[in-house]
Amino acid sequence: MRKLRILSLVVLAAMAGGVVQAGETLDAVRKKGFIQVGVNGSLFGFGMPDEKGEWKGLDVDTARAIAAALFGDASKVKYTPLTAQQRFTALQSGEVDVLCRNATRTLTRETQLGLDFVQVNYYDGQGFMVPKKMGIKSARELGGAAVCVLPGTTTESNAADYFRLHKMEWKPVVIESTAEVGKAFFAGRCDVYTSDASQLAGQRASAPNPDDYALLPEIISKEPLAPAVRQGDDAWREVVNFAVLALIEAEELGITSGNVDAMLQSADPRVQRFLGVSEGNGKALGLDEKWAYHVVKQVGNYGEVFERNVGVKTSLKLERGLNALWTNGGLMYSPPFK
């Protein structure tokens with residue numbers, strides 16, 4: 001009874017102090033001094049090395065934001081390229097600490113794979129890409145087509161549902177890696193390539209002749225893409241979750257990588273709390289009070305991350321759409337940082 005009473009007092013003291021207790025993953029990551037992140041590895045705009053070998057992409061920047069929040073240094077990341085079939089096993093086994101690899105949050109993945117998805121970093125939907133020379137204008141014209149698709153993805157099951165619903169035959173051509181499925185499609189091994197619309201845009205941008213291919217207008221699914229961690233380590237989950245949310249909150253507050261130092265002098269109490277001028281948020285997460293400052297200074301806000309990697313001025317030429325702030329008609333929304 002005495003031990004139970006002491007334990008209760010410890011828990012109550014922690015709750016009163018508003019301090020998140022470090023968990024196994026958070027402790028392990030701190031000890032080794034870097035974050036091991038599972039990424040796509042071959043998806044232009046989201047996660048792949050550039051011609052100099054430097055990792056670039058929206059998912060890569062998400063990983064850098066987590067490192068900046070935890071270490072004050074966005075470079076403290078090591079990347080593990082994973083196929084769609086490898087990604088969840090790598091996270092479950094502890095090979096990676098967090099998955100930032102265009103993975104869709106679903107009910108079964110959370111309940112049966114032992115994963116926790118955090119804040120969505122890209123709202124996507126499944127589409128179709130075809131060679132323009134086929135003259136196809138709608139997915140409803142794809143009956144009998146050979147369709148390139150990645151195995152073990154929501155896109156594979158979505159495509160099966162779509163063709164069944166519309167009573168059309170299809171011939172799935174299943175290829176394991178993102179890079180290989182793109183090569184197969186551009187080499188003519190299949191008539192159609194189906195995947196998340198952003199992934200199709202990225203593949204088209206890296207095609208030998210991008211203008212030879214068209215994205216059909218139909219979007220046949222919801223694909224909320226989010227980083228994932230293992231269940232059972234709430235402290236680590238909160239660090240990852242709020243690192244992503246900090247990108248969104250910074251954009252809403254008008255804080256950029258360019259003005260973040262000047263914003264330290266802001267009289268706005270929301271900005272003061274967010275940047276750690278007023279203390280409390282860092283202690284609550286078990287981080288330095290300037291954690292969000294480091295994220296914005298080194299990575300930027302969500303708008304900067306989006307436009308730099310996949311926006312209209314990049315090869316992908318994607319509009320913000322659902323990924324705009326809620327104040328601009330999108331779905332990007334952060335709870336208050338207080």
# chains A, B, ... in the order shown; residues from 1 in each chain; ligands from 1
>>> residues_around(residues="stretch 26-36 of chain A", least_positions_apart="3", cutoff="8 Å", atoms="only C-alpha atoms", output="list in words")
Ala22, Gly23, Ala67, Phe71, Lys76, Val77, Lys78, Tyr79, Thr80, Glu95, Val96, Asp97, Val98, Ala235 and Trp236 of chain A
>>> residues_around(residues="A:Trp170", least_positions_apart="4", cutoff="9 Å", atoms="only C-alpha atoms", output="list of chain:residue names")
A:Leu142, A:Gly143, A:Gly144, A:Ala145, A:Ala146, A:Val147, A:Ala160, A:Phe163
>>> write_last_selection(atoms="C-alpha atoms", output="mmCIF file, in the first residue's frame")
data_model
loop_
_atom_site.group_PDB
_atom_site.id
_atom_site.type_symbol
_atom_site.label_atom_id
_atom_site.label_comp_id
_atom_site.auth_asym_id
_atom_site.auth_seq_id
_atom_site.Cartn_x
_atom_site.Cartn_y
_atom_site.Cartn_z
ATOM 1 C CA LEU A 142 -9.708 2.380 -68.319
ATOM 2 C CA GLY A 143 -11.565 -0.918 -68.636
ATOM 3 C CA GLY A 144 -9.172 -3.757 -69.538
ATOM 4 C CA ALA A 145 -6.059 -1.632 -68.871
ATOM 5 C CA ALA A 146 -2.803 -2.960 -67.432
ATOM 6 C CA VAL A 147 -2.206 -0.915 -64.275
ATOM 7 C CA ALA A 160 -9.375 -3.007 -56.963
ATOM 8 C CA PHE A 163 -12.589 -1.164 -60.968
#
>>> select_by_dssp(residues="stretch 76-143 of chain A", states="strand (DSSP E)", output="ChimeraX atom specification")
/A:77-81,98-99,115-117,122-124,126-131
>>> residues_around(residues="A:Glu307", least_positions_apart="5", cutoff="10 Å", atoms="only C-alpha atoms", output="compact mmCIF listing (two decimals) with N, CA, C and O atoms, in the first residue's frame")
# COMPACT_ATOMS: atom_id res chain seq x y z
N LEU A 58 9.61 16.94 -48.94
CA LEU A 58 8.69 17.35 -47.87
C LEU A 58 8.80 16.41 -46.67
O LEU A 58 8.80 16.87 -45.52
N TYR A 302 5.36 25.61 -42.57
CA TYR A 302 4.81 24.61 -43.49
C TYR A 302 4.70 25.15 -44.92
O TYR A 302 4.98 24.43 -45.88
N VAL A 312 3.96 25.18 -56.69
CA VAL A 312 3.74 25.51 -58.10
C VAL A 312 5.00 25.94 -58.83
O VAL A 312 5.05 25.89 -60.07
N LYS A 313 6.02 26.36 -58.11
CA LYS A 313 7.26 26.78 -58.76
C LYS A 313 8.28 25.64 -58.86
O LYS A 313 9.39 25.84 -59.34
N THR A 314 7.88 24.45 -58.39
CA THR A 314 8.76 23.28 -58.53
C THR A 314 8.33 22.46 -59.75
O THR A 314 7.30 22.76 -60.38
N LYS A 317 4.67 21.21 -59.47
CA LYS A 317 3.64 22.22 -59.75
C LYS A 317 2.31 21.94 -59.03
O LYS A 317 1.23 22.08 -59.60
N LEU A 318 2.39 21.59 -57.75
CA LEU A 318 1.17 21.28 -57.00
C LEU A 318 0.62 22.53 -56.31
O LEU A 318 1.37 23.29 -55.69
N GLU A 319 -0.69 22.71 -56.40
CA GLU A 319 -1.36 23.77 -55.67
C GLU A 319 -1.49 23.36 -54.21
O GLU A 319 -1.48 22.17 -53.88
N ARG A 320 -1.69 24.34 -53.34
CA ARG A 320 -1.85 24.00 -51.91
C ARG A 320 -3.11 23.17 -51.69
O ARG A 320 -3.11 22.21 -50.92
>>> residues_around(residues="A:Val277", least_positions_apart="4", cutoff="8 Å", atoms="only C-alpha atoms", output="MDAnalysis selection string")
chainID A and resid 264 272:273 289:290
>>> select_by_dssp(residues="stretch 28-233 of chain A", states="alpha helix (DSSP H)", output="VMD selection string")
chain A and resid 28 to 32 58 to 71 87 to 93 107 to 112 154 to 165 178 to 186 197 to 205
>>> atom_distance(atom1="atom CA of A:Gly202", atom2="atom CA of A:Ala65")
22.1 Å
>>> residues_around(residues="stretch 223-228 of chain A", least_positions_apart="6", cutoff="8 Å", atoms="only C-alpha atoms", output="ChimeraX atom specification")
/A:98-105,115-126,196
>>> write_last_selection(atoms="C-alpha atoms", output="PDB file, in the first residue's frame")
ATOM      1  CA  VAL A  98      10.031   7.306 -36.990  1.00  0.00           C
ATOM      2  CA  LEU A  99       8.568   6.807 -40.443  1.00  0.00           C
ATOM      3  CA  CYS A 100       8.357   9.893 -42.671  1.00  0.00           C
ATOM      4  CA  ARG A 101       7.487   8.076 -45.856  1.00  0.00           C
ATOM      5  CA  ASN A 102       4.215   9.107 -47.527  1.00  0.00           C
ATOM      6  CA  ALA A 103       2.199   6.572 -45.511  1.00  0.00           C
ATOM      7  CA  THR A 104      -1.584   6.820 -45.310  1.00  0.00           C
ATOM      8  CA  ARG A 105      -3.151   6.821 -41.862  1.00  0.00           C
ATOM      9  CA  LEU A 115       1.493   2.193 -34.976  1.00  0.00           C
ATOM     10  CA  ASP A 116       0.539   5.713 -34.009  1.00  0.00           C
ATOM     11  CA  PHE A 117       0.206   8.251 -36.788  1.00  0.00           C
ATOM     12  CA  VAL A 118       0.762  11.899 -35.869  1.00  0.00           C
ATOM     13  CA  GLN A 119      -0.310  15.155 -37.539  1.00  0.00           C
ATOM     14  CA  VAL A 120      -0.864  14.799 -41.287  1.00  0.00           C
ATOM     15  CA  ASN A 121       1.930  16.473 -43.255  1.00  0.00           C
ATOM     16  CA  TYR A 122       0.237  16.057 -46.660  1.00  0.00           C
ATOM     17  CA  TYR A 123      -3.420  15.502 -47.598  1.00  0.00           C
ATOM     18  CA  ASP A 124      -3.442  13.416 -50.748  1.00  0.00           C
ATOM     19  CA  GLY A 125      -5.762  11.297 -52.879  1.00  0.00           C
ATOM     20  CA  GLN A 126      -5.279   8.476 -55.363  1.00  0.00           C
ATOM     21  CA  ASP A 196      -1.234   9.073 -54.679  1.00  0.00           C
TER      22      ASP A 196
END
>>> residues_around(residues="A:Leu150", least_positions_apart="3", cutoff="7 Å", atoms="only C-alpha atoms", output="PDB file with C-alpha atoms, in the first residue's frame")
ATOM      1  CA  THR A 153      -0.342  -0.066 -50.292  1.00  0.00           C
ATOM      2  CA  GLU A 156      -3.607  -1.386 -54.572  1.00  0.00           C
ATOM      3  CA  VAL A 174       2.587  -5.226 -59.205  1.00  0.00           C
ATOM      4  CA  ILE A 175       6.126  -3.877 -58.762  1.00  0.00           C
ATOM      5  CA  GLU A 176       7.738  -3.442 -55.346  1.00  0.00           C
ATOM      6  CA  SER A 177       9.685  -0.181 -55.368  1.00  0.00           C
TER       7      SER A 177
END
>>> closest_residue(among="A:Thr89, A:Val60, A:Thr154, A:Leu200", to="A:Thr106", atoms="only C-alpha atoms")
A:Thr154
>>> atom_distance(atom1="atom CA of A:Val310", atom2="atom CA of A:Thr178")
17.3 Å
>>> closest_residue(among="A:Leu245, A:Leu322, A:Asn301, A:Asp50", to="A:Pro336", atoms="only C-alpha atoms")
A:Leu245
>>> closest_residue(among="A:Trp291, A:Trp55, A:Tyr213, A:Phe337", to="A:Ile136", atoms="only C-alpha atoms")
A:Tyr213
